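Here's the structure we're looking at; comments come further down.
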Amino acid sequence: MLLTDKTAIIYGAGGSIGGAVARAFAAEGARLHLVGRTRETLEAVAADIKDAEVAVVDALDEAAVEEHLARVGDVDISFNLVTRGDVQGAPLTEMPVEDFLRPVTDGLRANFLTARAAGRRMAERGSGVILTLDSGSAHGSPMMGGTGPADAAIDTLVRNLAIELGPRGVRAVGMWAAGVPETFSVEKLSAVNPAIDAAAVQGIVDHLAQMRMTRRNPTLAEVAATAVFLASDHAAGLTGTFVNVTGGMVAR
């Protein structure tokens, strides 16, 4: 198995992608620490994974992140999948500054705090992988508010981590995975864009598929399998880069 004897922390493990990645990591032999803000969703994922540890930790809280990692000890893989509070569907000229900045400030803070805490410990041991995920919207995506700037900041953070930590045996890699239909629902998308209804959700799914070079949307299983590969020793030569699981968005 690709991740045998590796210890992984997944921040945001109670979400759709977090849960899928956690199950895929466990199937490949990893020991899992499932971290998030809501115990119920974390325990629902843990029910499918033998000996998974659950911890309620706010990834925006510096002390809480550090204290949790001190309890965990050695960690081989740190994956940040924490939601950022993105707001979309309105022109930038009509968006409140708080809605625009939230994904930038919260997304960058959570990724920085979790990566810094893990990176310090990994560098001392001379090995480890820091993973992150965003939508790959840094090159321009209209009507998506602060999502593009947030992605750009996180992309740059990953590249800089790779440059600094690479000589000490630590890799930093990311995934672009915009628009995974299995994660879509009216309830979830309306939290980002209040104008969403069932017809609009299907319209988004169809539109995304047509924007992709492959003319098909990625699945949760494909995203999870890519994460497994990136976290494994088979990807030992990959760092400071992003793997595009979106099917190649034509607009980019």
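Residue numbering restarts at 1 for every chain of the structure tokens, chains are lettered A, B, ... in their displayed order, and ligands are numbered from 1 as they appear.
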
Please build the interface table for range 162-236 of chain A against range 13-26 of chain A with a cut-off of 8 Å, listing for each qualifying residue the nearest atom pair and the distance in Å to one decimal; count only C-alpha atoms, order rows by chain and increasing number, and write it as a tab-separated table.
residue	atom	partner	partner_atom	distance
A:Glu182	CA	A:Ser16	CA	7.9
A:Thr183	CA	A:Ser16	CA	5.9
A:Leu220	CA	A:Ile17	CA	6.6
A:Ala221	CA	A:Ala20	CA	7.1
A:Val223	CA	A:Val21	CA	7.7
A:Ala224	CA	A:Val21	CA	4.6
A:Ala225	CA	A:Ala24	CA	6.9
A:Ala227	CA	A:Val21	CA	7.0
A:Val228	CA	A:Phe25	CA	6.1

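Near range 126-130 of chain A, within a cut-off of 7 Å and counting only C-alpha atoms, sit the residues Asp76, Ile77, Ser78, Phe79, Ala115, Arg168, Gly169, Val170, Arg171, Ala172, Val173 and Ala231 of chain A, with same-chain residues fewer than 6 positions away left out.
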
Could the residues of range 42-124 of chain A that have an atom at most 12 Å from range 155-164 of chain A be listed as JSON lines, each with its closest atom pair and the distance in Å to one decimal, counting only C-alpha atoms and ordered by chain and ascending residue number?
{"residue": "A:Phe79", "atom": "CA", "partner": "A:Val158", "partner_atom": "CA", "distance": 11.8}
{"residue": "A:Asn80", "atom": "CA", "partner": "A:Val158", "partner_atom": "CA", "distance": 11.5}
{"residue": "A:Val104", "atom": "CA", "partner": "A:Asp155", "partner_atom": "CA", "distance": 11.7}
{"residue": "A:Gly107", "atom": "CA", "partner": "A:Leu157", "partner_atom": "CA", "distance": 11.0}
{"residue": "A:Leu108", "atom": "CA", "partner": "A:Leu157", "partner_atom": "CA", "distance": 8.1}
{"residue": "A:Arg109", "atom": "CA", "partner": "A:Leu157", "partner_atom": "CA", "distance": 10.5}
{"residue": "A:Ala110", "atom": "CA", "partner": "A:Leu157", "partner_atom": "CA", "distance": 11.5}
{"residue": "A:Asn111", "atom": "CA", "partner": "A:Leu157", "partner_atom": "CA", "distance": 8.4}
{"residue": "A:Phe112", "atom": "CA", "partner": "A:Leu157", "partner_atom": "CA", "distance": 7.6}
{"residue": "A:Leu113", "atom": "CA", "partner": "A:Leu157", "partner_atom": "CA", "distance": 11.3}
{"residue": "A:Thr114", "atom": "CA", "partner": "A:Val158", "partner_atom": "CA", "distance": 12.0}
{"residue": "A:Ala115", "atom": "CA", "partner": "A:Leu161", "partner_atom": "CA", "distance": 8.4}
{"residue": "A:Arg116", "atom": "CA", "partner": "A:Leu161", "partner_atom": "CA", "distance": 8.8}
{"residue": "A:Ala118", "atom": "CA", "partner": "A:Leu161", "partner_atom": "CA", "distance": 11.4}
{"residue": "A:Gly119", "atom": "CA", "partner": "A:Leu161", "partner_atom": "CA", "distance": 8.4}
{"residue": "A:Arg120", "atom": "CA", "partner": "A:Leu161", "partner_atom": "CA", "distance": 11.0}
{"residue": "A:Ala123", "atom": "CA", "partner": "A:Glu164", "partner_atom": "CA", "distance": 10.1}

Given only C-alpha atoms as the counted atoms, nearest of A:Pro103, A:Gly174, A:Pro218, A:Gly148 to Val243 in chain A: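 Of A:Pro103, A:Gly174, A:Pro218, A:Gly148, the one nearest Val243 in chain A, counting only C-alpha atoms, is A:Gly174.
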
Apply DSSP to the backbone of this structure and, from range 5-228 of chain A, keep only the residues in helix (DSSP H, G or I); write these as a ChimeraX atom specification. /A:16-27,39-46,62-72,92-94,97-125,147-168,181-183,186-192,198-211,220-228

When you look at Pro149 in chain A with a cut-off of 7 Å (counting only C-alpha atoms), what residues show up, excluding the ones that are within fewer than 3 positions of it in the same chain? I need them as a PyMOL selection string. chain A and resi 104+138+146+152-153
